[in-house]
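Colleague: Below: one structure in structure tokens.
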Amino acid sequence: MPTVPMPEIRAVVFDFYGTLARMVEPLPPDHREIFDRRGLSAQGARWGDQWAVGPGEGEEHAAHSATEADYHRWELDRLRRRALDCGVPGHELEGLVGEIDLVMKAVRLELFEDARAVLGELRARGLLVGICSNWFWNLEDCLAEVGLGGLADVVVGSARAGARKPHPLIYRTLLEKCRLPPRQVLFVGDMWAPDVLGPLTAGMPSVHLCRPDPAVLGSEPPLPEGAARIRGLEELLSLVASGAAAGPGGCG
């Protein structure tokens with residue numbers, strides 16, 4: 001069984017949504033409600049998945065991430081283009097786009113029950129704790145709101161990094177902030193490409209989190225060399241303690 005010796009692991013980095021936190025009710029309104037209220041039902045039907053309007057997995061956008069204002073302009077421009085493609089008339093454009101932008105970000109989150117205790121225990125053991133997530137510009141604010149403020153030594157969000165996992169740029173940014181070689185940084189997350197394959201490609205061992213109550217349904221491919229699979233974050237404590245950052249596993 002391949003392992004990562006315990007002295008090698010000096011940092012544990014977590015994905016945020018689906019790994020540490022999940023969305024809870026009241027959920028954001030469906031975008032079709034916004035279109036219907038404005039008399040744009042036909043355009044709303046063409047819009048499609050309301051969550052698919054942001055940057056795609058692995059997308060690089062460094063040119064738009066220089067400042068928060070630059071990034072927000074880029075977010076709104078994407079929504080405008082989508083709205084125009086769906087046939088939204090010009091006089092409705094700005095109001096519709098502004099409302100959709102607000103609604104998409106007005107998500108109510110809560111921590112999984114094991115999140116705070118595990119992060120706290122890892123820090124108590126002297127390990128650096130990080131969070132690396134595909135998220136809006138306000139990742140640090142969201143961490144504070146759910147009760148993780150002060151529990152992460154390093155925070156890297158895609159909006160500020162200029163790319164979404166699994167693009168190499170976001171992992172390079174993470175490793176630069178950790179000031180550690182990749183082999184000493186263990187990455188933990190629930191999504192296969194962003195949280196397992198991407199970190200492995202960047203040289204980090206990884207742990208695939210498969211909760212019995214996942215926030216996002218994902219696949220369970222066979223584990224590659226350098227990866228492990230757990231069902232809850234508490235299992236991570238014994239995994240790190242044993243130094244075993246790879247081996248057989250499965251989700252039940």
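Quick note on naming: the chains in the structure tokens go A, B, ... in the order shown, residues restart at 1 in each chain, and ligands are numbered from 1 in order of appearance.
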Write out as a ChimeraX atom specification all residues of region 72-138 of chain A that backbone DSSP assigns to strand (DSSP E).
Modeller: /A:109-111,128-133
Colleague: Could the residues in this selection be saved with all heavy atoms as a PDB file, in the first residue's frame?
Modeller:
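Output below, filename part.pdb:
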ATOM      1  N   LEU A 109     -25.441  28.943   3.966  1.00  0.00           N
ATOM      2  CA  LEU A 109     -24.543  27.811   4.168  1.00  0.00           C
ATOM      3  C   LEU A 109     -24.470  27.436   5.638  1.00  0.00           C
ATOM      4  O   LEU A 109     -24.648  28.281   6.519  1.00  0.00           O
ATOM      5  CB  LEU A 109     -23.128  28.158   3.671  1.00  0.00           C
ATOM      6  CG  LEU A 109     -22.978  28.556   2.209  1.00  0.00           C
ATOM      7  CD1 LEU A 109     -21.576  29.073   1.950  1.00  0.00           C
ATOM      8  CD2 LEU A 109     -23.294  27.379   1.287  1.00  0.00           C
ATOM      9  N   GLU A 110     -24.189  26.164   5.886  1.00  0.00           N
ATOM     10  CA  GLU A 110     -23.879  25.723   7.243  1.00  0.00           C
ATOM     11  C   GLU A 110     -22.778  24.678   7.167  1.00  0.00           C
ATOM     12  O   GLU A 110     -22.621  23.977   6.158  1.00  0.00           O
ATOM     13  CB  GLU A 110     -25.105  25.173   7.961  1.00  0.00           C
ATOM     14  CG  GLU A 110     -25.572  23.827   7.480  1.00  0.00           C
ATOM     15  CD  GLU A 110     -26.698  23.259   8.335  1.00  0.00           C
ATOM     16  OE1 GLU A 110     -27.294  24.025   9.119  1.00  0.00           O
ATOM     17  OE2 GLU A 110     -26.980  22.047   8.215  1.00  0.00           O
ATOM     18  N   LEU A 111     -22.013  24.573   8.234  1.00  0.00           N
ATOM     19  CA  LEU A 111     -20.917  23.617   8.272  1.00  0.00           C
ATOM     20  C   LEU A 111     -21.431  22.191   8.439  1.00  0.00           C
ATOM     21  O   LEU A 111     -22.452  21.954   9.093  1.00  0.00           O
ATOM     22  CB  LEU A 111     -19.986  23.930   9.444  1.00  0.00           C
ATOM     23  CG  LEU A 111     -19.170  25.215   9.371  1.00  0.00           C
ATOM     24  CD1 LEU A 111     -18.339  25.358  10.637  1.00  0.00           C
ATOM     25  CD2 LEU A 111     -18.282  25.236   8.137  1.00  0.00           C
ATOM     26  N   LEU A 128      -0.298  23.152   9.307  1.00  0.00           N
ATOM     27  CA  LEU A 128      -0.887  24.305   8.637  1.00  0.00           C
ATOM     28  C   LEU A 128      -2.210  23.850   8.013  1.00  0.00           C
ATOM     29  O   LEU A 128      -2.276  22.778   7.407  1.00  0.00           O
ATOM     30  CB  LEU A 128       0.071  24.830   7.569  1.00  0.00           C
ATOM     31  CG  LEU A 128      -0.361  26.060   6.759  1.00  0.00           C
ATOM     32  CD1 LEU A 128       0.859  26.913   6.410  1.00  0.00           C
ATOM     33  CD2 LEU A 128      -1.090  25.662   5.490  1.00  0.00           C
ATOM     34  N   VAL A 129      -3.243  24.650   8.173  1.00  0.00           N
ATOM     35  CA  VAL A 129      -4.566  24.330   7.616  1.00  0.00           C
ATOM     36  C   VAL A 129      -4.915  25.362   6.557  1.00  0.00           C
ATOM     37  O   VAL A 129      -4.800  26.573   6.785  1.00  0.00           O
ATOM     38  CB  VAL A 129      -5.639  24.306   8.729  1.00  0.00           C
ATOM     39  CG1 VAL A 129      -7.038  24.185   8.119  1.00  0.00           C
ATOM     40  CG2 VAL A 129      -5.380  23.145   9.683  1.00  0.00           C
ATOM     41  N   GLY A 130      -5.330  24.879   5.402  1.00  0.00           N
ATOM     42  CA  GLY A 130      -5.698  25.773   4.315  1.00  0.00           C
ATOM     43  C   GLY A 130      -7.058  25.440   3.740  1.00  0.00           C
ATOM     44  O   GLY A 130      -7.599  24.349   3.956  1.00  0.00           O
ATOM     45  N   ILE A 131      -7.626  26.395   3.001  1.00  0.00           N
ATOM     46  CA  ILE A 131      -8.877  26.196   2.265  1.00  0.00           C
ATOM     47  C   ILE A 131      -8.656  26.719   0.858  1.00  0.00           C
ATOM     48  O   ILE A 131      -8.176  27.843   0.670  1.00  0.00           O
ATOM     49  CB  ILE A 131     -10.055  26.916   2.948  1.00  0.00           C
ATOM     50  CG1 ILE A 131     -10.331  26.290   4.316  1.00  0.00           C
ATOM     51  CG2 ILE A 131     -11.312  26.860   2.065  1.00  0.00           C
ATOM     52  CD1 ILE A 131     -11.377  27.008   5.144  1.00  0.00           C
ATOM     53  N   CYS A 132      -8.986  25.897  -0.121  1.00  0.00           N
ATOM     54  CA  CYS A 132      -8.808  26.255  -1.531  1.00  0.00           C
ATOM     55  C   CYS A 132     -10.080  25.874  -2.264  1.00  0.00           C
ATOM     56  O   CYS A 132     -10.435  24.698  -2.334  1.00  0.00           O
ATOM     57  CB  CYS A 132      -7.603  25.515  -2.116  1.00  0.00           C
ATOM     58  SG  CYS A 132      -7.282  25.851  -3.863  1.00  0.00           S
ATOM     59  N   SER A 133     -10.770  26.874  -2.822  1.00  0.00           N
ATOM     60  CA  SER A 133     -12.122  26.631  -3.329  1.00  0.00           C
ATOM     61  C   SER A 133     -12.420  27.410  -4.595  1.00  0.00           C
ATOM     62  O   SER A 133     -11.933  28.533  -4.773  1.00  0.00           O
ATOM     63  CB  SER A 133     -13.141  27.028  -2.255  1.00  0.00           C
ATOM     64  OG  SER A 133     -14.466  26.777  -2.678  1.00  0.00           O
TER      65      SER A 133
END
Colleague: Write out as a tab-separated table a residue-level contact list of region 117-141 of chain A versus region 66-77 of chain A with cut-off 10 Å: for each qualifying residue the closest pair of atoms and the distance in Å to one decimal, counting only C-alpha atoms, rows sorted by chain and residue number upward.
Modeller:
residue	atom	partner	partner_atom	distance
A:Phe136	CA	A:Tyr71	CA	9.2
A:Trp137	CA	A:Glu68	CA	6.7
A:Asn138	CA	A:Glu68	CA	9.2
Colleague: Excluding region 94-106 of chain A and its own-chain neighbours fewer than 2 positions away, which residues fall within 12 Å of it when counting only C-alpha atoms? Please give them as an NGL selection string.
Modeller: :A and (23-40 or 43-44 or 47 or 49-54 or 72-84 or 88-92 or 108-109 or 135-139 or 142)
Colleague: Take the residues from that selection and put them in a file with C-alpha atoms, as a CSV table (one decimal), in the first residue's frame.
Modeller:
chain,number,residue,atom,x,y,z
A,23,MET,CA,-26.3,24.8,1.2
A,24,VAL,CA,-29.4,24.8,3.4
A,25,GLU,CA,-32.9,26.3,3.2
A,26,PRO,CA,-34.1,28.8,2.4
A,27,LEU,CA,-32.6,28.1,-1.0
A,28,PRO,CA,-32.1,30.9,-3.6
A,29,PRO,CA,-35.2,31.3,-5.8
A,30,ASP,CA,-35.1,29.5,-9.2
A,31,HIS,CA,-34.1,31.9,-11.9
A,32,ARG,CA,-37.3,31.3,-13.7
A,33,GLU,CA,-39.2,33.1,-11.0
A,34,ILE,CA,-37.2,36.2,-11.7
A,35,PHE,CA,-37.8,36.0,-15.4
A,36,ASP,CA,-41.6,35.3,-14.9
A,37,ARG,CA,-42.0,38.3,-12.6
A,38,ARG,CA,-40.5,40.5,-15.4
A,39,GLY,CA,-42.7,39.0,-18.1
A,40,LEU,CA,-39.8,37.1,-19.6
A,43,GLN,CA,-36.3,33.9,-22.2
A,44,GLY,CA,-36.2,32.2,-18.8
A,47,TRP,CA,-31.6,30.3,-19.9
A,49,ASP,CA,-29.2,25.7,-15.6
A,50,GLN,CA,-29.0,28.8,-13.4
A,51,TRP,CA,-25.8,27.6,-11.8
A,52,ALA,CA,-24.0,27.1,-15.1
A,53,VAL,CA,-23.5,30.8,-15.9
A,54,GLY,CA,-20.3,31.3,-13.9
A,72,HIS,CA,-17.4,41.8,-10.7
A,73,ARG,CA,-17.6,43.5,-14.1
A,74,TRP,CA,-16.6,40.3,-15.7
A,75,GLU,CA,-19.3,38.4,-13.8
A,76,LEU,CA,-21.9,40.9,-14.9
A,77,ASP,CA,-20.7,40.9,-18.5
A,78,ARG,CA,-21.1,37.1,-18.6
A,79,LEU,CA,-24.6,37.4,-17.4
A,80,ARG,CA,-25.4,40.1,-19.9
A,81,ARG,CA,-24.1,38.0,-22.8
A,82,ARG,CA,-26.2,35.0,-21.6
A,83,ALA,CA,-29.3,37.2,-21.3
A,84,LEU,CA,-28.9,38.7,-24.7
A,88,VAL,CA,-33.8,39.5,-23.2
A,89,PRO,CA,-34.6,43.1,-24.5
A,90,GLY,CA,-32.2,45.9,-23.8
A,91,HIS,CA,-34.5,47.8,-21.4
A,92,GLU,CA,-34.7,44.8,-19.1
A,108,ARG,CA,-27.3,30.1,3.0
A,109,LEU,CA,-24.5,27.8,4.2
A,135,TRP,CA,-15.8,30.4,-5.2
A,136,PHE,CA,-16.8,34.1,-5.5
A,137,TRP,CA,-14.6,36.9,-4.4
A,138,ASN,CA,-16.0,36.8,-0.9
A,139,LEU,CA,-14.7,33.5,0.2
A,142,CYS,CA,-18.2,33.2,3.8
Colleague: Skipping near chain neighbours, those fewer than 5 positions away, what residues fall within 10 Å of region 173-175 of chain A using only C-alpha atoms, listed as an NGL selection string?
Modeller: :A and (13 or 130-132 or 154-158 or 160-163 or 168 or 180-182 or 184-185 or 202 or 204)
Colleague: I need the residues from that last selection saved to file as a short mmCIF file (atom, residue, chain, number, x, y, z; two decimals), in the first residue's frame (with all heavy atoms), if you can.
Modeller:
data_model
loop_
_atom_site.label_atom_id
_atom_site.label_comp_id
_atom_site.auth_asym_id
_atom_site.auth_seq_id
_atom_site.Cartn_x
_atom_site.Cartn_y
_atom_site.Cartn_z
N VAL A 13 -5.05 20.90 3.27
CA VAL A 13 -5.85 21.92 2.59
C VAL A 13 -7.19 21.32 2.19
O VAL A 13 -7.25 20.22 1.62
CB VAL A 13 -5.12 22.47 1.35
CG1 VAL A 13 -6.00 23.46 0.59
CG2 VAL A 13 -3.80 23.12 1.76
N GLY A 130 -5.33 24.88 5.40
CA GLY A 130 -5.70 25.77 4.32
C GLY A 130 -7.06 25.44 3.74
O GLY A 130 -7.60 24.35 3.96
N ILE A 131 -7.63 26.40 3.00
CA ILE A 131 -8.88 26.20 2.26
C ILE A 131 -8.66 26.72 0.86
O ILE A 131 -8.18 27.84 0.67
CB ILE A 131 -10.06 26.92 2.95
CG1 ILE A 131 -10.33 26.29 4.32
CG2 ILE A 131 -11.31 26.86 2.07
CD1 ILE A 131 -11.38 27.01 5.14
N CYS A 132 -8.99 25.90 -0.12
CA CYS A 132 -8.81 26.26 -1.53
C CYS A 132 -10.08 25.87 -2.26
O CYS A 132 -10.44 24.70 -2.33
CB CYS A 132 -7.60 25.51 -2.12
SG CYS A 132 -7.28 25.85 -3.86
N VAL A 154 -4.24 29.56 5.53
CA VAL A 154 -4.11 29.94 4.13
C VAL A 154 -5.47 29.80 3.47
O VAL A 154 -6.14 28.76 3.62
CB VAL A 154 -3.08 29.05 3.40
CG1 VAL A 154 -3.11 29.29 1.90
CG2 VAL A 154 -1.67 29.29 3.95
N VAL A 155 -5.91 30.83 2.76
CA VAL A 155 -7.18 30.78 2.02
C VAL A 155 -6.91 31.19 0.58
O VAL A 155 -6.35 32.26 0.32
CB VAL A 155 -8.23 31.73 2.64
CG1 VAL A 155 -9.51 31.73 1.81
CG2 VAL A 155 -8.53 31.31 4.08
N VAL A 156 -7.32 30.33 -0.36
CA VAL A 156 -7.15 30.61 -1.78
C VAL A 156 -8.48 30.36 -2.48
O VAL A 156 -8.98 29.23 -2.50
CB VAL A 156 -6.06 29.73 -2.42
CG1 VAL A 156 -5.98 29.98 -3.93
CG2 VAL A 156 -4.71 30.01 -1.78
N GLY A 157 -9.08 31.43 -3.02
CA GLY A 157 -10.31 31.31 -3.79
C GLY A 157 -10.04 31.53 -5.26
O GLY A 157 -9.13 32.28 -5.63
N SER A 158 -10.82 30.87 -6.09
CA SER A 158 -10.58 30.95 -7.54
C SER A 158 -10.73 32.36 -8.07
O SER A 158 -9.99 32.78 -8.97
CB SER A 158 -11.54 30.01 -8.27
OG SER A 158 -12.89 30.35 -8.00
N ARG A 160 -9.96 35.25 -6.84
CA ARG A 160 -8.75 36.05 -6.67
C ARG A 160 -7.52 35.40 -7.31
O ARG A 160 -6.61 36.10 -7.75
CB ARG A 160 -8.49 36.29 -5.18
CG ARG A 160 -9.63 37.03 -4.49
CD ARG A 160 -9.26 37.41 -3.08
NE ARG A 160 -10.42 37.90 -2.34
CZ ARG A 160 -10.37 38.86 -1.43
NH1 ARG A 160 -9.22 39.44 -1.15
NH2 ARG A 160 -11.45 39.24 -0.79
N ALA A 161 -7.51 34.07 -7.33
CA ALA A 161 -6.35 33.37 -7.90
C ALA A 161 -6.28 33.50 -9.41
O ALA A 161 -5.21 33.39 -10.00
CB ALA A 161 -6.39 31.89 -7.51
N GLY A 162 -7.43 33.71 -10.06
CA GLY A 162 -7.45 33.87 -11.51
C GLY A 162 -7.72 32.60 -12.28
O GLY A 162 -7.60 32.58 -13.51
N ALA A 163 -8.10 31.54 -11.58
CA ALA A 163 -8.42 30.27 -12.27
C ALA A 163 -9.16 29.37 -11.31
O ALA A 163 -9.00 29.44 -10.09
CB ALA A 163 -7.15 29.58 -12.76
N PRO A 168 -3.93 24.49 -13.25
CA PRO A 168 -2.69 24.49 -12.46
C PRO A 168 -2.43 25.80 -11.71
O PRO A 168 -1.79 25.79 -10.65
CB PRO A 168 -1.60 24.24 -13.51
CG PRO A 168 -2.30 23.56 -14.64
CD PRO A 168 -3.69 24.12 -14.65
N LEU A 180 5.46 25.53 1.03
CA LEU A 180 5.85 24.15 1.25
C LEU A 180 5.94 23.43 -0.09
O LEU A 180 5.23 23.80 -1.04
CB LEU A 180 4.82 23.43 2.12
CG LEU A 180 4.71 23.86 3.58
CD1 LEU A 180 3.48 23.25 4.21
CD2 LEU A 180 5.97 23.47 4.36
N PRO A 181 6.76 22.40 -0.19
CA PRO A 181 6.77 21.60 -1.41
C PRO A 181 5.47 20.81 -1.52
O PRO A 181 4.84 20.48 -0.50
CB PRO A 181 7.98 20.68 -1.22
CG PRO A 181 8.21 20.64 0.25
CD PRO A 181 7.77 21.96 0.79
N PRO A 182 5.04 20.49 -2.73
CA PRO A 182 3.75 19.81 -2.91
C PRO A 182 3.60 18.52 -2.10
O PRO A 182 2.51 18.24 -1.59
CB PRO A 182 3.72 19.52 -4.42
CG PRO A 182 4.62 20.53 -5.02
CD PRO A 182 5.70 20.78 -4.01
N GLN A 184 4.34 17.80 0.74
CA GLN A 184 4.04 18.03 2.15
C GLN A 184 2.66 18.63 2.37
O GLN A 184 2.29 18.93 3.50
CB GLN A 184 5.11 18.94 2.76
CG GLN A 184 6.49 18.32 2.80
CD GLN A 184 7.52 19.22 3.46
OE1 GLN A 184 7.31 20.43 3.61
NE2 GLN A 184 8.65 18.64 3.85
N VAL A 185 1.90 18.81 1.29
CA VAL A 185 0.57 19.42 1.37
C VAL A 185 -0.48 18.39 0.95
O VAL A 185 -0.52 17.95 -0.19
CB VAL A 185 0.48 20.67 0.46
CG1 VAL A 185 -0.91 21.28 0.56
CG2 VAL A 185 1.55 21.68 0.84
N ALA A 202 -0.48 18.33 -9.56
CA ALA A 202 0.39 19.38 -9.01
C ALA A 202 1.41 18.83 -8.01
O ALA A 202 2.20 19.60 -7.46
CB ALA A 202 -0.46 20.46 -8.34
N MET A 204 0.63 17.06 -5.15
CA MET A 204 0.11 16.91 -3.79
C MET A 204 -0.62 15.59 -3.62
O MET A 204 -1.40 15.20 -4.49
CB MET A 204 -0.87 18.06 -3.48
CG MET A 204 -0.25 19.42 -3.37
SD MET A 204 -1.49 20.73 -3.07
CE MET A 204 -2.05 21.05 -4.76
#
Colleague: With distances taken over only C-alpha atoms, which residue among A:Glu8, A:Leu239, A:Ala159, A:Thr19 lies nearest Leu217 (chain A)?
Modeller: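 Of A:Glu8, A:Leu239, A:Ala159, A:Thr19, the one nearest Leu217 (chain A), counting only C-alpha atoms, is A:Thr19.
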Colleague: Which one of A:Val118, A:Leu223, A:Ala63, A:Ile230 sits closest to Cys210 (chain A) if you count only C-alpha atoms?
Modeller: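 Under the stated criterion, the closest residue is A:Ile230.
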Colleague: Among the residues of region 102-225 of chain A, find those DSSP assigns to alpha helix (DSSP H) from the backbone and print them as JSON, numbers by chain.
Modeller: {"A": [102, 103, 104, 105, 115, 116, 117, 118, 119, 120, 121, 122, 123, 124, 139, 140, 141, 142, 143, 144, 145, 146, 158, 159, 160, 161, 168, 169, 170, 171, 172, 173, 174, 175, 176, 177, 178, 192, 198, 199, 200, 201]}
Colleague: What's the 7 Å shell around Leu186 (chain A), counting only C-alpha atoms, without same-chain residues fewer than 3 positions away, as a PyMOL selection string?
Modeller: chain A and resi 9+11-13+204-206
Colleague: Using only C-alpha atoms, which protein or nucleic acid residues come within 9 Å of Val207 (chain A)? Drop anything in the same chain fewer than 2 positions from it, and give the result as an mmCIF file with N, CA and C atoms, in the first residue's frame.
Modeller:
data_model
loop_
_atom_site.group_PDB
_atom_site.id
_atom_site.type_symbol
_atom_site.label_atom_id
_atom_site.label_comp_id
_atom_site.auth_asym_id
_atom_site.auth_seq_id
_atom_site.Cartn_x
_atom_site.Cartn_y
_atom_site.Cartn_z
ATOM 1 N N LEU A 186 -1.314 17.994 1.882
ATOM 2 C CA LEU A 186 -2.375 17.021 1.627
ATOM 3 C C LEU A 186 -3.659 17.765 1.264
ATOM 4 N N PHE A 187 -4.264 17.432 0.129
ATOM 5 C CA PHE A 187 -5.466 18.117 -0.340
ATOM 6 C C PHE A 187 -6.680 17.221 -0.109
ATOM 7 N N VAL A 188 -7.755 17.791 0.444
ATOM 8 C CA VAL A 188 -8.956 17.039 0.806
ATOM 9 C C VAL A 188 -10.178 17.692 0.174
ATOM 10 N N GLY A 189 -10.978 16.915 -0.552
ATOM 11 C CA GLY A 189 -12.181 17.478 -1.149
ATOM 12 C C GLY A 189 -13.110 16.428 -1.696
ATOM 13 N N ASP A 190 -14.306 16.870 -2.077
ATOM 14 C CA ASP A 190 -15.353 15.933 -2.490
ATOM 15 C C ASP A 190 -15.483 15.760 -3.994
ATOM 16 N N ASP A 195 -10.433 18.179 -6.801
ATOM 17 C CA ASP A 195 -9.894 17.931 -5.468
ATOM 18 C C ASP A 195 -9.016 16.683 -5.370
ATOM 19 N N VAL A 196 -9.008 15.869 -6.409
ATOM 20 C CA VAL A 196 -8.179 14.664 -6.394
ATOM 21 C C VAL A 196 -7.179 14.688 -7.546
ATOM 22 N N PRO A 205 -0.402 14.874 -2.518
ATOM 23 C CA PRO A 205 -1.265 13.738 -2.221
ATOM 24 C C PRO A 205 -2.681 14.249 -1.955
ATOM 25 N N LEU A 209 -13.186 12.849 -0.396
ATOM 26 C CA LEU A 209 -14.224 12.769 0.631
ATOM 27 C C LEU A 209 -15.549 12.357 0.003
ATOM 28 N N GLY A 226 -1.307 7.725 -4.668
ATOM 29 C CA GLY A 226 -1.208 8.997 -3.966
ATOM 30 C C GLY A 226 -2.517 9.526 -3.441
ATOM 31 N N ALA A 227 -3.602 8.751 -3.573
ATOM 32 C CA ALA A 227 -4.917 9.217 -3.124
ATOM 33 C C ALA A 227 -5.548 8.209 -2.173
ATOM 34 N N ALA A 228 -6.385 8.718 -1.278
ATOM 35 C CA ALA A 228 -7.170 7.888 -0.369
ATOM 36 C C ALA A 228 -8.616 8.337 -0.455
ATOM 37 N N ARG A 229 -9.504 7.583 0.167
ATOM 38 C CA ARG A 229 -10.930 7.944 0.169
ATOM 39 C C ARG A 229 -11.479 7.758 1.574
ATOM 40 N N ILE A 230 -12.236 8.752 2.052
ATOM 41 C CA ILE A 230 -12.832 8.705 3.380
ATOM 42 C C ILE A 230 -14.315 9.040 3.291
ATOM 43 N N LEU A 236 -10.046 11.470 8.631
ATOM 44 C CA LEU A 236 -8.808 12.111 8.203
ATOM 45 C C LEU A 236 -7.793 12.162 9.334
ATOM 46 N N ALA A 245 -1.576 8.348 3.287
ATOM 47 C CA ALA A 245 -2.319 9.270 2.438
ATOM 48 C C ALA A 245 -2.656 8.625 1.124
ATOM 49 N N ALA A 246 -2.657 7.301 1.063
ATOM 50 C CA ALA A 246 -3.045 6.603 -0.147
ATOM 51 C C ALA A 246 -3.417 5.177 0.239
#
Colleague: I'd like the interatomic distance between CA of His167 (chain A) and CA of Pro194 (chain A), to a tenth of an Å.
Modeller: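 Value for the CA of His167 (chain A)-CA of Pro194 (chain A) distance: 8.2 Å.
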Colleague: Using only C-alpha atoms, which residue out of A:Asp15, A:Thr201, A:Trp192, A:His61 lies closest to Arg172 (chain A)?
Modeller: A:Thr201
Colleague: For Leu127 (chain A), work out the shell of residues within 7 Å, counting only C-alpha atoms and skipping chain neighbours fewer than 4 positions away, then give it as a VMD selection string.
Modeller: chain A and resid 10 to 11 122 to 123
Colleague: Write the selection just made, keeping all heavy atoms, as a PDB file, in the first residue's frame?
Modeller:
ATOM      1  N   ARG A  10       2.899  18.440   6.237  1.00  0.00           N
ATOM      2  CA  ARG A  10       2.988  19.607   7.119  1.00  0.00           C
ATOM      3  C   ARG A  10       1.784  20.535   6.958  1.00  0.00           C
ATOM      4  O   ARG A  10       1.641  21.495   7.710  1.00  0.00           O
ATOM      5  CB  ARG A  10       4.283  20.368   6.836  1.00  0.00           C
ATOM      6  CG  ARG A  10       5.540  19.550   7.119  1.00  0.00           C
ATOM      7  CD  ARG A  10       6.795  20.329   6.820  1.00  0.00           C
ATOM      8  NE  ARG A  10       6.855  21.572   7.575  1.00  0.00           N
ATOM      9  CZ  ARG A  10       7.720  22.558   7.318  1.00  0.00           C
ATOM     10  NH1 ARG A  10       8.591  22.427   6.316  1.00  0.00           N
ATOM     11  NH2 ARG A  10       7.715  23.658   8.043  1.00  0.00           N
ATOM     12  N   ALA A  11       0.943  20.263   5.967  1.00  0.00           N
ATOM     13  CA  ALA A  11      -0.248  21.092   5.735  1.00  0.00           C
ATOM     14  C   ALA A  11      -1.379  20.221   5.214  1.00  0.00           C
ATOM     15  O   ALA A  11      -1.155  19.268   4.461  1.00  0.00           O
ATOM     16  CB  ALA A  11       0.061  22.210   4.743  1.00  0.00           C
ATOM     17  N   LEU A 122      -6.341  19.512  13.718  1.00  0.00           N
ATOM     18  CA  LEU A 122      -5.166  19.536  12.852  1.00  0.00           C
ATOM     19  C   LEU A 122      -4.248  20.705  13.211  1.00  0.00           C
ATOM     20  O   LEU A 122      -3.025  20.560  13.251  1.00  0.00           O
ATOM     21  CB  LEU A 122      -5.590  19.632  11.390  1.00  0.00           C
ATOM     22  CG  LEU A 122      -6.280  18.391  10.816  1.00  0.00           C
ATOM     23  CD1 LEU A 122      -6.851  18.687   9.430  1.00  0.00           C
ATOM     24  CD2 LEU A 122      -5.317  17.214  10.757  1.00  0.00           C
ATOM     25  N   ARG A 123      -4.846  21.853  13.501  1.00  0.00           N
ATOM     26  CA  ARG A 123      -4.027  23.002  13.912  1.00  0.00           C
ATOM     27  C   ARG A 123      -3.369  22.731  15.261  1.00  0.00           C
ATOM     28  O   ARG A 123      -2.221  23.117  15.492  1.00  0.00           O
ATOM     29  CB  ARG A 123      -4.881  24.266  13.995  1.00  0.00           C
ATOM     30  CG  ARG A 123      -5.412  24.735  12.649  1.00  0.00           C
ATOM     31  CD  ARG A 123      -5.992  26.128  12.757  1.00  0.00           C
ATOM     32  NE  ARG A 123      -4.950  27.143  12.664  1.00  0.00           N
ATOM     33  CZ  ARG A 123      -5.073  28.376  13.153  1.00  0.00           C
ATOM     34  NH1 ARG A 123      -6.164  28.720  13.794  1.00  0.00           N
ATOM     35  NH2 ARG A 123      -4.109  29.253  13.017  1.00  0.00           N
TER      36      ARG A 123
END
Colleague: Pick from A:Cys86, A:Leu151, A:Ala42, A:Ala144: nearest to Ala124 (chain A), with only C-alpha atoms counted?
Modeller: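 Using only C-alpha atoms, the shortest distance to Ala124 (chain A) belongs to A:Leu151.
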